[in-house]
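Structure file data.txt; described as compact mmCIF, C-alpha atoms.
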# COMPACT_ATOMS: atom_id res chain seq x y z
CA MET A 1 88.36 62.00 102.42
CA THR A 2 88.64 62.86 106.11
CA PRO A 3 88.18 66.51 107.20
CA VAL A 4 91.88 66.78 108.06
CA LEU A 5 92.97 65.52 104.64
CA TYR A 6 90.40 67.76 102.94
CA LEU A 7 91.66 70.86 104.74
CA ALA A 8 95.30 69.88 104.13
CA GLN A 9 94.68 69.43 100.43
CA ARG A 10 92.66 72.61 99.95
CA GLY A 11 95.05 74.63 102.15
CA THR A 12 98.06 73.50 100.14
CA ALA A 13 96.08 74.14 96.93
CA PHE A 14 95.87 77.84 97.87
CA VAL A 15 99.64 77.94 98.44
CA LEU A 16 100.32 76.04 95.21
CA ALA A 17 98.06 78.32 93.15
CA PHE A 18 100.42 81.22 93.93
CA ALA A 19 103.59 79.12 93.75
CA VAL A 20 102.72 77.51 90.40
CA THR A 21 101.82 80.90 88.88
CA ILE A 22 105.19 82.34 89.95
CA HIS A 23 106.99 79.18 88.78
CA LEU A 24 105.33 79.20 85.33
CA VAL A 25 106.02 82.90 84.78
CA THR A 26 109.62 82.39 85.88
CA ILE A 27 110.35 79.41 83.66
CA ILE A 28 108.72 81.00 80.60
CA TYR A 29 110.68 84.22 81.22
CA ALA A 30 113.90 82.33 81.98
CA ILE A 31 113.97 80.09 78.92
CA ARG A 32 113.77 82.86 76.31
CA GLY A 33 116.04 81.67 73.49
CA GLY A 34 117.27 78.59 75.33
CA LEU A 35 118.78 77.84 78.69
CA THR A 36 122.14 76.72 80.06
CA ALA A 37 123.04 75.20 83.39
CA GLY A 38 125.25 78.22 84.06
CA GLU A 39 122.34 80.62 83.53
CA ILE A 40 120.07 78.68 85.87
CA LEU A 41 122.67 78.29 88.59
CA ALA A 42 123.72 81.96 88.33
CA ARG A 43 120.16 82.90 89.31
CA THR A 44 119.71 80.28 92.00
CA HIS A 45 123.15 79.96 93.63
CA GLY A 46 123.13 81.47 97.11
CA ASN A 47 119.69 83.03 96.56
CA ARG A 48 117.82 82.60 99.87
CA TRP A 49 114.54 83.89 98.43
CA PHE A 50 114.74 81.23 95.78
CA LEU A 51 115.52 78.53 98.34
CA GLY A 52 112.71 79.62 100.69
CA PHE A 53 110.17 79.82 97.86
CA TYR A 54 110.97 76.37 96.51
CA LEU A 55 111.08 74.76 99.96
CA VAL A 56 107.53 76.03 100.57
CA PHE A 57 106.58 74.81 97.07
CA VAL A 58 108.04 71.34 97.71
CA ILE A 59 106.41 70.95 101.14
CA ALA A 60 103.01 71.99 99.76
CA ALA A 61 103.36 69.61 96.80
CA ALA A 62 104.47 66.74 99.04
CA ILE A 63 101.25 67.16 101.06
CA HIS A 64 98.90 67.95 98.14
CA ALA A 65 99.88 65.26 95.62
CA PRO A 66 99.57 62.12 97.81
CA ILE A 67 96.14 63.19 99.09
CA GLY A 68 94.93 63.62 95.50
CA LEU A 69 96.49 60.32 94.44
CA ARG A 70 94.85 58.63 97.42
CA SER A 71 91.41 59.73 96.22
CA VAL A 72 92.12 58.54 92.68
CA LEU A 73 93.37 55.14 93.86
CA ARG A 74 90.37 54.71 96.19
CA GLU A 75 87.91 55.45 93.40
CA TRP A 76 89.55 53.93 90.35
CA ALA A 77 91.62 51.07 91.80
CA LYS A 78 89.35 50.34 94.79
CA TRP A 79 92.48 50.34 96.96
CA ARG A 80 91.48 51.03 100.58
CA GLY A 81 92.81 50.72 104.09
CA ARG A 82 96.05 51.06 105.95
CA SER A 83 98.23 49.84 103.07
CA LEU A 84 97.01 52.73 100.91
CA ASP A 85 97.69 55.28 103.66
CA LEU A 86 101.18 53.90 104.21
CA ALA A 87 101.89 53.93 100.47
CA MET A 88 100.78 57.56 100.23
CA LEU A 89 102.94 58.45 103.24
CA ALA A 90 105.85 56.87 101.35
CA VAL A 91 105.00 58.95 98.24
CA SER A 92 104.89 62.07 100.39
CA ALA A 93 108.26 61.27 101.98
CA LEU A 94 109.79 60.55 98.56
CA LEU A 95 108.59 63.87 97.14
CA LEU A 96 109.79 65.71 100.23
CA VAL A 97 113.28 64.18 100.22
CA LEU A 98 113.82 64.51 96.44
CA GLY A 99 112.32 68.00 96.35
CA VAL A 100 114.35 69.38 99.25
CA ARG A 101 117.47 67.79 97.75
CA ALA A 102 116.72 69.44 94.37
CA ALA A 103 116.13 72.87 95.93
CA PHE A 104 119.41 72.66 97.86
CA ALA A 105 121.22 71.28 94.79
CA VAL A 106 120.56 74.38 92.69
CA TYR A 107 121.01 76.70 95.71
CA LEU A 108 124.40 75.30 96.67
CA ALA A 109 125.79 74.43 93.21
CA MET B 1 80.13 53.69 76.61
CA ILE B 2 79.96 57.47 76.98
CA ARG B 3 77.06 58.63 79.12
CA THR B 4 75.39 61.99 78.60
CA SER B 5 76.64 63.12 82.02
CA HIS B 6 80.20 62.46 80.83
CA LEU B 7 79.86 65.17 78.20
CA LYS B 8 78.93 67.85 80.72
CA PRO B 9 81.55 70.55 81.42
CA GLY B 10 81.73 69.76 85.14
CA PHE B 11 82.60 66.12 84.46
CA LEU B 12 85.13 67.03 81.76
CA ALA B 13 86.72 69.56 84.13
CA ALA B 14 86.98 66.97 86.92
CA MET B 15 88.45 64.39 84.53
CA LEU B 16 91.03 66.80 83.07
CA HIS B 17 91.94 67.98 86.57
CA ARG B 18 92.43 64.41 87.73
CA LEU B 19 94.40 63.19 84.68
CA SER B 20 96.70 66.23 84.71
CA GLY B 21 97.25 65.65 88.44
CA ILE B 22 98.25 62.02 87.86
CA ALA B 23 100.67 63.09 85.10
CA LEU B 24 102.24 65.65 87.43
CA ALA B 25 102.53 63.17 90.32
CA ILE B 26 104.42 60.77 88.03
CA PHE B 27 106.62 63.52 86.58
CA LEU B 28 107.51 65.35 89.78
CA PRO B 29 110.01 62.82 91.23
CA MET B 30 111.83 62.67 87.87
CA HIS B 31 111.96 66.48 87.75
CA PHE B 32 113.44 66.59 91.25
CA ILE B 33 116.01 63.89 90.40
CA ALA B 34 117.03 65.86 87.28
CA LEU B 35 117.50 69.07 89.28
CA GLY B 36 119.43 67.07 91.86
CA THR B 37 122.11 66.36 89.22
CA ALA B 38 123.26 69.94 89.87
CA LEU B 39 124.66 68.62 93.15
CA GLY B 40 127.29 66.74 91.13
CA SER B 41 128.49 69.69 89.07
CA ALA B 42 127.30 72.32 86.59
CA ASP B 43 128.67 70.05 83.83
CA SER B 44 126.49 67.10 84.81
CA PHE B 45 123.50 69.44 85.04
CA GLN B 46 124.34 70.86 81.60
CA SER B 47 124.59 67.37 80.09
CA PHE B 48 121.11 66.66 81.45
CA LEU B 49 119.80 69.91 79.93
CA GLY B 50 121.31 68.78 76.61
CA VAL B 51 118.76 65.97 76.56
CA THR B 52 115.96 68.54 76.63
CA HIS B 53 116.89 69.72 73.12
CA ASN B 54 115.60 66.41 71.76
CA ALA B 55 112.28 66.94 69.92
CA PHE B 56 110.51 64.13 71.78
CA VAL B 57 111.62 65.52 75.14
CA ARG B 58 110.50 69.02 74.11
CA ILE B 59 107.03 67.69 73.29
CA ALA B 60 106.91 65.85 76.63
CA GLU B 61 107.96 69.05 78.42
CA TRP B 62 105.26 70.99 76.59
CA GLY B 63 102.71 68.41 77.71
CA LEU B 64 103.83 68.67 81.32
CA VAL B 65 103.84 72.47 81.41
CA THR B 66 100.37 72.38 79.86
CA ALA B 67 99.29 69.79 82.46
CA LEU B 68 100.65 72.01 85.24
CA GLY B 69 98.76 75.04 83.91
CA MET B 70 95.60 72.99 83.44
CA HIS B 71 95.74 71.40 86.91
CA MET B 72 96.24 74.82 88.49
CA ALA B 73 93.51 76.58 86.49
CA LEU B 74 90.95 73.84 87.12
CA GLY B 75 92.05 73.66 90.77
CA VAL B 76 91.45 77.39 91.21
CA ARG B 77 87.98 76.77 89.73
CA VAL B 78 87.32 74.17 92.45
CA LEU B 79 88.55 76.53 95.18
CA ALA B 80 86.36 79.35 93.83
CA ILE B 81 83.27 77.12 93.86
CA GLU B 82 83.97 75.62 97.31
CA PHE B 83 85.26 78.62 99.25
CA PHE B 84 83.91 81.70 97.50
CA ALA B 85 80.47 80.37 96.55
CA VAL B 86 81.10 81.30 92.93
CA ARG B 87 78.20 80.20 90.74
CA GLU B 88 79.96 79.57 87.49
CA ARG B 89 78.82 79.09 83.93
CA SER B 90 80.74 75.84 83.62
CA ALA B 91 81.22 75.59 79.87
CA ILE B 92 82.73 79.06 79.61
CA VAL B 93 84.90 78.71 82.72
CA VAL B 94 86.18 75.24 81.79
CA SER B 95 86.93 76.35 78.22
CA GLY B 96 88.78 79.37 79.63
CA CYS B 97 90.86 77.13 81.94
CA VAL B 98 91.81 74.82 79.06
CA ALA B 99 92.60 77.76 76.76
CA CYS B 100 94.82 79.38 79.43
CA SER B 101 96.76 76.16 80.02
CA LEU B 102 97.28 75.59 76.28
CA THR B 103 98.53 79.17 75.97
CA VAL B 104 101.02 78.65 78.80
CA GLY B 105 102.24 75.43 77.13
CA LEU B 106 102.65 77.16 73.76
CA LEU B 107 104.49 80.11 75.32
CA PHE B 108 106.86 77.64 76.95
CA LEU B 109 107.40 75.75 73.68
CA LEU B 110 107.90 78.84 71.51
CA ASN B 111 110.13 80.63 74.03
CA GLY B 112 112.62 77.80 74.22
CA THR B 113 113.24 77.52 70.47
Can you dump the structure from the file as structure tokens?
Amino acid sequence: MTPVLYLAQRGTAFVLAFAVTIHLVTIIYAIRGGLTAGEILARTHGNRWFLGFYLVFVIAAAIHAPIGLRSVLREWAKWRGRSLDLAMLAVSALLLVLGVRAAFAVYLA
Amino acid sequence: MIRTSHLKPGFLAAMLHRLSGIALAIFLPMHFIALGTALGSADSFQSFLGVTHNAFVRIAEWGLVTALGMHMALGVRVLAIEFFAVRERSAIVVSGCVACSLTVGLLFLLNGT
């Protein structure tokens, strides 16, 4: 792993450690006794704190996950080179687009 | 063949961290697509949530929440070792990470019933 990728992955890991803790506490608190779409959207609709938090979460995950996958594929599948880097860029872009769309979906709904 | 080194806590921690990370990387796009159904309407989002009452889906959700907790706990262990020069007693720390993640998964499972 190059120094830039190492720092990017560890830097986003620090962000994700906080974000995942908040996310887990929130979902466990929120699902007490079941969950409806109305209940979720009532909390998230128009909530800028919610939107900001999950946009940071999504961006960090879209950087962190492909770098980790890249290491796994290099070691276990012996996949190397430019094709791997391009594939991981595509994974990152996919996570970013779907994640931002999801955050806005529950913010705007 | 299982080597002796494969039974050491550090190796088990790295393997669990890696496998839970792969599970999350596969799950994440599907999770985002599911949340994106809210763009259609609250009804379409609700019909998706209806699927989550299925026992098989509940078990899969439990597995993913546990994987998320495990990946985070073992990741924090890596950060502590690399950035804070923590000299850990691996077996105890790794067991604690696994226990915490299983607890989070169980809380999630029991809360939703």
Q.
Counting all atoms listed in the file, which residues sit no farther than 12 Å from the position (108.5, 76.1, 98.5) in the file's frame? I'd like them as a PyMOL selection string.
A. chain A and resi 12+15-20+22-23+48-63+96+99-100+102-104
If you take all atoms listed in the file and a cut-off of 7 Å, which residues of chain A touch chain B, and what are their nearest atom pairs and distances in Å to one decimal, in chain and number order, as JSON lines?
{"residue": "A:Ala17", "atom": "CA", "partner": "B:Met72", "partner_atom": "CA", "distance": 6.1}
{"residue": "A:Ile28", "atom": "CA", "partner": "B:Phe108", "partner_atom": "CA", "distance": 5.3}
{"residue": "A:Ile31", "atom": "CA", "partner": "B:Gly112", "partner_atom": "CA", "distance": 5.4}
{"residue": "A:Arg32", "atom": "CA", "partner": "B:Asn111", "partner_atom": "CA", "distance": 4.8}
{"residue": "A:Gly33", "atom": "CA", "partner": "B:Gly112", "partner_atom": "CA", "distance": 5.2}
{"residue": "A:Gly34", "atom": "CA", "partner": "B:Gly112", "partner_atom": "CA", "distance": 4.8}
{"residue": "A:Thr36", "atom": "CA", "partner": "B:Gln46", "partner_atom": "CA", "distance": 6.4}
{"residue": "A:Ala37", "atom": "CA", "partner": "B:Gln46", "partner_atom": "CA", "distance": 4.9}
{"residue": "A:Gly38", "atom": "CA", "partner": "B:Ala42", "partner_atom": "CA", "distance": 6.7}
{"residue": "A:Ala65", "atom": "CA", "partner": "B:Ala25", "partner_atom": "CA", "distance": 6.3}
{"residue": "A:Leu95", "atom": "CA", "partner": "B:Pro29", "partner_atom": "CA", "distance": 6.2}
{"residue": "A:Leu98", "atom": "CA", "partner": "B:Phe32", "partner_atom": "CA", "distance": 5.6}
{"residue": "A:Gly99", "atom": "CA", "partner": "B:Phe32", "partner_atom": "CA", "distance": 5.4}
{"residue": "A:Arg101", "atom": "CA", "partner": "B:Gly36", "partner_atom": "CA", "distance": 6.2}
{"residue": "A:Ala102", "atom": "CA", "partner": "B:Gly36", "partner_atom": "CA", "distance": 4.4}
{"residue": "A:Ala105", "atom": "CA", "partner": "B:Leu39", "partner_atom": "CA", "distance": 4.6}
{"residue": "A:Val106", "atom": "CA", "partner": "B:Ala38", "partner_atom": "CA", "distance": 5.9}
{"residue": "A:Ala109", "atom": "CA", "partner": "B:Leu39", "partner_atom": "CA", "distance": 5.9}
**Q.** Closest of A:Leu108, A:Phe14, A:Ile40, A:Arg70 to Ser83 in chain A - atom-to-atom distances counting all atoms listed in the file
**A.** A:Arg70
As JSON: centre and edge lengths in Å, one decimal, of the axis-aligned box holding range 18-37 of chain A with 6 Å per side:
{"center_x": 111.7, "center_y": 79.7, "center_z": 83.7, "size_x": 34.6, "size_y": 21.0, "size_z": 32.4}
(Q) Using only C-alpha atoms - which residues lie no farther than 7 Å from the point (101.3, 62.1, 95.0) in the file's frame? Write them as number ranges by chain. (A) A: 62, 65-69, 88, 91-92; B: 25
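Interatomic distance, CA of Lys8 in chain B to CA of Phe84 in chain B: 22.3 Å.
Between CA of Val98 in chain B and CA of Leu16 in chain B the separation is 9.0 Å.
Taking CA of Leu84 in chain A as the reference point, CA of Thr2 in chain A is found at 14.1 Å.
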(Q) Give me the residues near Tyr107 in chain A as a VMD selection string, where near means some atom within 6 Å (using all atoms listed in the file) and where sequence neighbours in that chain fewer than 3 positions away do not count. (A) chain A and resid 44 to 46 104
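Nearest-residue note for Thr66 in chain B: choosing from B:Ala23, B:Leu7, B:Leu102, B:Val94, the minimum distance belongs to B:Leu102, counting all atoms listed in the file.
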**Q.** Counting all atoms listed in the file, the option among A:Gln9, A:Pro3, A:Leu24, A:Val97 closest to Leu64 in chain B
**A.** A:Leu24
